[in-house]
Every structure is written in C-alpha cells, then in structure tokens.
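What follows is a short report on a single structure.
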Amino acid sequence: MRIDILCLFPDMFSSPFEQSIVKRAKDRGIINIVIHNIRDYTYDKHRTVDDYPCGGGPGMVLKPEPIFEAVEAIKEQISPGEIPIILLTPQGRLFTQQVAQELAPCSQLMLICGHYEGVDERVREYLATDEISIGDYVLSGGELAAMVVVDAVVRLVPGVLGSQMSLNTDSHTDGLLEYPQYTRPKAYRGWSVPSVLLSGNHGEISLWRRREAILRTAERRPDLLRKAILSTEERKWISESLSNQR
C-alpha cells in the first residue's frame, strides 16, 4: 500500500511514522508513506497557500490551486486511474474501525490535511472523493488526524501484524469492546487471574471472553449494542447483569 499525505507541516510525521508497527511495515516494504509539502506546489516567492475568506470573516482559508496541482502531479507519477482522495475535516464522516477496514484493501490512498479556517470548498466538491473526521472536535490541522487514520488502517493490511488473529478480537471489530486481558503473574497484590483463563479449556475460555466482551460493552458503551448481533442467551446475560446492579 502507498499512502500520500499532503500537508503544511511535514516534519510532524517524522517521529510517529518511525516507531512501532508503522515503522516495521515500512521497513518490510508492506507500506510506503510519502509526505508532500503543499507549499512546494506554489509559484510565488512567499509560497502562499492561504488567503482571506470571500465574504469576510475571521481566519484564513487554504487556497485551491496548490492542492489541486499537488494531487494532479502525484497522480501522474503513481497511477493513471482513480484512487481514494480523502480530505480530513471536522465535517467528514466519522472515522470508525469499519471505515479503517474499508480502506485497508486499497493499494493507494491520498490524504489531504486541512488547516486554518478550512479548505476552499472547491477542493471538497471537485477533488476529494471522501471526507473523514476522527471525532466531534476541532484540531489545529489535519496532520494529527492523518496519523490516526494511517495507524488504524496500516495495522489491518495483511502481513503487518505478527498474528492476524489479534485483529479479530480488537475492540469495535465485531461491534463490541474487547474482553479483559491478563498475563503473568497469576496473582499480584492479592488480585488473581480468573481461573477459567488458566483451565486450558478453550471452549470455556471462548465463552468467558464472549460474555465479558458483551457485558463490558453494555456497561461502558451501551450504544454499540444497538448494532451488535446477539443471541437470546447473550441478551439474557445483559438482563441478568443489569438486574444484579440494581
């Protein structure tokens, strides 16, 4: 997978993409991340990328020309066909695990990082193929949002993680939060690992994990259960748990 990121502050990506899973994926040639400075696609001596908003108002707006020319120049180098061009904006669709799964099979992605008061509307209307927001809040720029999207997507690319099985139990993968995790020592300060996890009975362990994932989701994120596919028995677990809390 190749990911091109268009931004105003390329140095922000130096450390995050040189650590942990993303770095290993880059070193193994599974992904290629290319950072582009939008200012490199300007023609005036001040490398101007923003201007006052038409109609007045506070702040500055990113101009369309350098963004369009950056995207077109990059596409000429890498692909003659269509690729996802994602504008990172608070007005975009909410980024979720399901959206990450949707993007992971793509061979190429392009991310445009907004800044200041926003981006000229013509970028959204005539250039971007998608708009994504990582949450209902406003950041200073899209660089941090791009890091979040890249990290979430890259770990889903085949071969990036040591075990693909770990993806199946991640929180939000199946609409539920992940079950509690334990490791050694078996007892610490009087707190013990649940005995079922030490039993060696894989059927009982799977049942315990499923139950705990459902009950944890019901307690912490009941809104997620509206979309979860649960059996009659599993819904009974929730009812019993709620009754015990009263």
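Residue numbering restarts at 1 for every chain of the structure tokens, chains are lettered A, B, ... in their displayed order, and ligands are numbered from 1 as they appear.
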Residues within 10 Å of A:Leu139, only C-alpha atoms, excluding chain neighbours under 2 positions, as a list of chain:residue names
A:Thr89, A:Pro90, A:Gly114, A:His115, A:Tyr116, A:Ile134, A:Gly135, A:Asp136, A:Tyr137, A:Gly141, A:Gly142, A:Glu143, A:Leu144, A:Ala145
Just the residues within 12 Å of A:Ile35, please, counting only C-alpha atoms, with nothing from its chain fewer than 2 positions along; format it as a VMD selection string.
chain A and resid 2 to 14 17 32 to 33 37 to 38 40 70 74 110 to 113 143 146 to 147
Go ahead and save the residues from that selection, with N, CA and C atoms, as a CSV table (one decimal), in the first residue's frame.
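Contents of the output file selection_3.csv:
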chain,number,residue,atom,x,y,z
A,2,ARG,N,0.5,2.2,-0.8
A,2,ARG,CA,1.2,3.5,-0.8
A,2,ARG,C,0.2,4.6,-0.3
A,3,ILE,N,0.7,5.4,0.6
A,3,ILE,CA,-0.1,6.4,1.2
A,3,ILE,C,0.6,7.8,1.0
A,4,ASP,N,0.0,8.7,0.3
A,4,ASP,CA,0.5,10.0,0.1
A,4,ASP,C,-0.3,11.0,1.0
A,5,ILE,N,0.5,11.8,1.7
A,5,ILE,CA,-0.1,12.8,2.6
A,5,ILE,C,0.3,14.2,2.2
A,6,LEU,N,-0.7,15.0,1.9
A,6,LEU,CA,-0.5,16.4,1.6
A,6,LEU,C,-0.7,17.3,2.8
A,7,CYS,N,0.3,18.1,3.2
A,7,CYS,CA,0.1,18.8,4.4
A,7,CYS,C,1.0,20.1,4.4
A,8,LEU,N,0.9,20.9,5.4
A,8,LEU,CA,1.7,22.1,5.6
A,8,LEU,C,2.9,21.9,6.5
A,9,PHE,N,2.8,20.9,7.3
A,9,PHE,CA,3.9,20.7,8.3
A,9,PHE,C,4.4,19.3,8.3
A,10,PRO,N,5.2,18.9,7.2
A,10,PRO,CA,5.6,17.6,7.0
A,10,PRO,C,6.5,17.0,8.2
A,11,ASP,N,7.2,17.9,8.9
A,11,ASP,CA,8.1,17.4,10.0
A,11,ASP,C,7.3,16.8,11.1
A,12,MET,N,6.0,17.0,11.2
A,12,MET,CA,5.2,16.5,12.3
A,12,MET,C,5.1,14.9,12.1
A,13,PHE,N,5.4,14.4,10.9
A,13,PHE,CA,5.2,13.0,10.7
A,13,PHE,C,6.5,12.2,11.0
A,14,SER,N,7.6,12.9,11.2
A,14,SER,CA,8.9,12.2,11.3
A,14,SER,C,9.0,11.2,12.4
A,17,PHE,N,5.8,8.1,12.4
A,17,PHE,CA,5.9,7.0,11.4
A,17,PHE,C,7.3,6.3,11.4
A,32,ASN,N,4.3,2.1,2.0
A,32,ASN,CA,5.2,3.2,1.6
A,32,ASN,C,4.4,4.5,1.9
A,33,ILE,N,4.9,5.3,2.8
A,33,ILE,CA,4.3,6.6,3.1
A,33,ILE,C,5.1,7.7,2.6
A,37,ASN,N,4.8,18.5,1.0
A,37,ASN,CA,4.5,19.8,1.5
A,37,ASN,C,3.7,20.6,0.4
A,38,ILE,N,2.5,21.0,0.8
A,38,ILE,CA,1.7,21.7,-0.2
A,38,ILE,C,2.3,23.0,-0.7
A,40,ASP,N,5.2,23.3,-1.7
A,40,ASP,CA,6.1,23.0,-2.9
A,40,ASP,C,5.3,23.2,-4.2
A,70,ALA,N,-0.9,19.7,-6.6
A,70,ALA,CA,-0.2,18.7,-5.8
A,70,ALA,C,-0.8,17.3,-6.1
A,74,ILE,N,1.1,14.3,-8.3
A,74,ILE,CA,1.3,13.0,-7.6
A,74,ILE,C,0.7,11.9,-8.4
A,110,MET,N,-4.7,8.7,-0.7
A,110,MET,CA,-4.1,10.0,-0.6
A,110,MET,C,-4.9,10.8,0.5
A,111,LEU,N,-4.2,11.4,1.4
A,111,LEU,CA,-4.8,12.2,2.5
A,111,LEU,C,-4.5,13.6,2.4
A,112,ILE,N,-5.5,14.5,2.4
A,112,ILE,CA,-5.3,16.0,2.4
A,112,ILE,C,-5.5,16.5,3.8
A,113,CYS,N,-4.5,17.2,4.4
A,113,CYS,CA,-4.7,17.7,5.7
A,113,CYS,C,-5.1,19.2,5.6
A,143,GLU,N,-3.0,17.1,10.3
A,143,GLU,CA,-1.8,16.2,10.4
A,143,GLU,C,-2.1,15.1,11.4
A,146,ALA,N,-4.5,12.6,10.2
A,146,ALA,CA,-3.9,11.7,9.2
A,146,ALA,C,-3.1,10.6,9.9
A,147,MET,N,-2.4,11.0,11.0
A,147,MET,CA,-1.6,9.9,11.7
A,147,MET,C,-2.6,8.9,12.3
Neighbours of A:Gly29 within 12 Å (only C-alpha atoms; same-chain residues fewer than 2 positions away dropped), as number ranges by chain?
A: 1-2, 22-27, 31-33, 157, 159-160
So that I have them on file, write out the residues from the current selection with N, CA and C atoms, as a PDB file, in the first residue's frame.
ATOM      1  N   MET A   1       0.838  -1.198   0.000  1.00  0.00           N
ATOM      2  CA  MET A   1       0.000   0.000   0.000  1.00  0.00           C
ATOM      3  C   MET A   1       0.875   1.252   0.000  1.00  0.00           C
ATOM      4  N   ARG A   2       0.506   2.217  -0.831  1.00  0.00           N
ATOM      5  CA  ARG A   2       1.180   3.510  -0.837  1.00  0.00           C
ATOM      6  C   ARG A   2       0.210   4.560  -0.302  1.00  0.00           C
ATOM      7  N   VAL A  22       4.055   0.823  12.420  1.00  0.00           N
ATOM      8  CA  VAL A  22       4.149   1.527  11.139  1.00  0.00           C
ATOM      9  C   VAL A  22       5.567   1.463  10.591  1.00  0.00           C
ATOM     10  N   LYS A  23       6.551   1.669  11.452  1.00  0.00           N
ATOM     11  CA  LYS A  23       7.948   1.595  11.002  1.00  0.00           C
ATOM     12  C   LYS A  23       8.287   0.200  10.492  1.00  0.00           C
ATOM     13  N   ARG A  24       7.863  -0.834  11.217  1.00  0.00           N
ATOM     14  CA  ARG A  24       8.170  -2.203  10.786  1.00  0.00           C
ATOM     15  C   ARG A  24       7.523  -2.498   9.435  1.00  0.00           C
ATOM     16  N   ALA A  25       6.313  -2.009   9.240  1.00  0.00           N
ATOM     17  CA  ALA A  25       5.629  -2.223   7.959  1.00  0.00           C
ATOM     18  C   ALA A  25       6.367  -1.508   6.828  1.00  0.00           C
ATOM     19  N   LYS A  26       6.885  -0.319   7.116  1.00  0.00           N
ATOM     20  CA  LYS A  26       7.667   0.407   6.115  1.00  0.00           C
ATOM     21  C   LYS A  26       8.973  -0.321   5.816  1.00  0.00           C
ATOM     22  N   ASP A  27       9.659  -0.758   6.856  1.00  0.00           N
ATOM     23  CA  ASP A  27      10.949  -1.428   6.679  1.00  0.00           C
ATOM     24  C   ASP A  27      10.806  -2.720   5.876  1.00  0.00           C
ATOM     25  N   ILE A  31       4.207  -1.214   3.298  1.00  0.00           N
ATOM     26  CA  ILE A  31       3.593   0.083   3.030  1.00  0.00           C
ATOM     27  C   ILE A  31       4.677   1.092   2.664  1.00  0.00           C
ATOM     28  N   ASN A  32       4.267   2.120   1.950  1.00  0.00           N
ATOM     29  CA  ASN A  32       5.157   3.224   1.590  1.00  0.00           C
ATOM     30  C   ASN A  32       4.406   4.514   1.861  1.00  0.00           C
ATOM     31  N   ILE A  33       4.915   5.328   2.783  1.00  0.00           N
ATOM     32  CA  ILE A  33       4.269   6.585   3.145  1.00  0.00           C
ATOM     33  C   ILE A  33       5.108   7.728   2.596  1.00  0.00           C
ATOM     34  N   VAL A 157      -3.584  -4.079   7.255  1.00  0.00           N
ATOM     35  CA  VAL A 157      -3.031  -4.581   5.998  1.00  0.00           C
ATOM     36  C   VAL A 157      -2.395  -5.943   6.235  1.00  0.00           C
ATOM     37  N   GLY A 159      -0.118  -8.986   6.709  1.00  0.00           N
ATOM     38  CA  GLY A 159       1.318  -9.114   6.881  1.00  0.00           C
ATOM     39  C   GLY A 159       1.930  -8.105   7.819  1.00  0.00           C
ATOM     40  N   VAL A 160       1.158  -7.066   8.204  1.00  0.00           N
ATOM     41  CA  VAL A 160       1.716  -6.028   9.073  1.00  0.00           C
ATOM     42  C   VAL A 160       1.837  -6.527  10.508  1.00  0.00           C
TER      43      VAL A 160
END
Got a sec to tell me which of stretch 8-68 of chain A DSSP assigns to strand (DSSP E), as a list in words?
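Across stretch 8-68 of chain A, those assigned strand (DSSP E) are Asn32, Ile33, Val34, Ile35, His36, Asn37, Asp50, Asp51, Val61 and Leu62 of chain A.
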Would you output that residue set with C-alpha atoms, as a PDB file, in the first residue's frame?
ATOM      1  CA  ASN A  32       5.157   3.224   1.590  1.00  0.00           C
ATOM      2  CA  ILE A  33       4.269   6.585   3.145  1.00  0.00           C
ATOM      3  CA  VAL A  34       5.192   9.706   1.178  1.00  0.00           C
ATOM      4  CA  ILE A  35       4.781  13.145   2.746  1.00  0.00           C
ATOM      5  CA  HIS A  36       4.246  16.164   0.459  1.00  0.00           C
ATOM      6  CA  ASN A  37       4.500  19.814   1.468  1.00  0.00           C
ATOM      7  CA  ASP A  50      -3.896  30.564   2.159  1.00  0.00           C
ATOM      8  CA  ASP A  51      -5.977  33.677   1.679  1.00  0.00           C
ATOM      9  CA  VAL A  61      -8.615  29.538   4.144  1.00  0.00           C
ATOM     10  CA  LEU A  62      -6.372  27.157   2.227  1.00  0.00           C
TER      11      LEU A  62
END
So the first atom is atom CA of A:Ile86 and the second is atom CA of A:Asp130; what is the distance between them in Å, to one decimal place?
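Interatomic distance, atom CA of A:Ile86 to atom CA of A:Asp130: 4.8 Å.
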May I have all residues of stretch 84-236 of chain A that DSSP, computed from the backbone, assigns to alpha helix (DSSP H), given as JSON, numbers by chain?
{"A": [97, 98, 99, 100, 101, 102, 103, 121, 122, 123, 124, 125, 126, 143, 144, 145, 146, 147, 148, 149, 150, 151, 152, 153, 154, 165, 166, 167, 168, 202, 203, 204, 205, 206, 207, 208, 209, 210, 211, 212, 213, 214, 215, 216, 217, 218, 219, 220, 232, 233, 234, 235, 236]}
Which of A:His46, A:Val119, A:Arg28, A:Glu240 sits closest to A:Ile67 [using only C-alpha atoms]:
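Among the listed residues, A:Val119 lies closest to A:Ile67.
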Taking 4 positions as the minimum chain separation for residues in the same chain, which residues sit within 12 Å of A:Leu230 when counting only C-alpha atoms? Answer as a PyMOL selection string.
chain A and resi 174-176+210-211+213-215+218+224-226+234-238
Taken to one decimal, the atom CA of A:Phe68-atom CA of A:Glu131 distance is 15.8 Å
Restricting the calculation to only C-alpha atoms: of A:Gln101, A:Thr129, A:Asn201, A:Thr42, which residue gets closest to A:Ile85?
A:Thr129
Proximity to A:Tyr41 - best of A:Gly92, A:Pro64, A:Gly162, A:Pro222, only C-alpha atoms
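Distance minimum relative to A:Tyr41 lands on A:Pro64.
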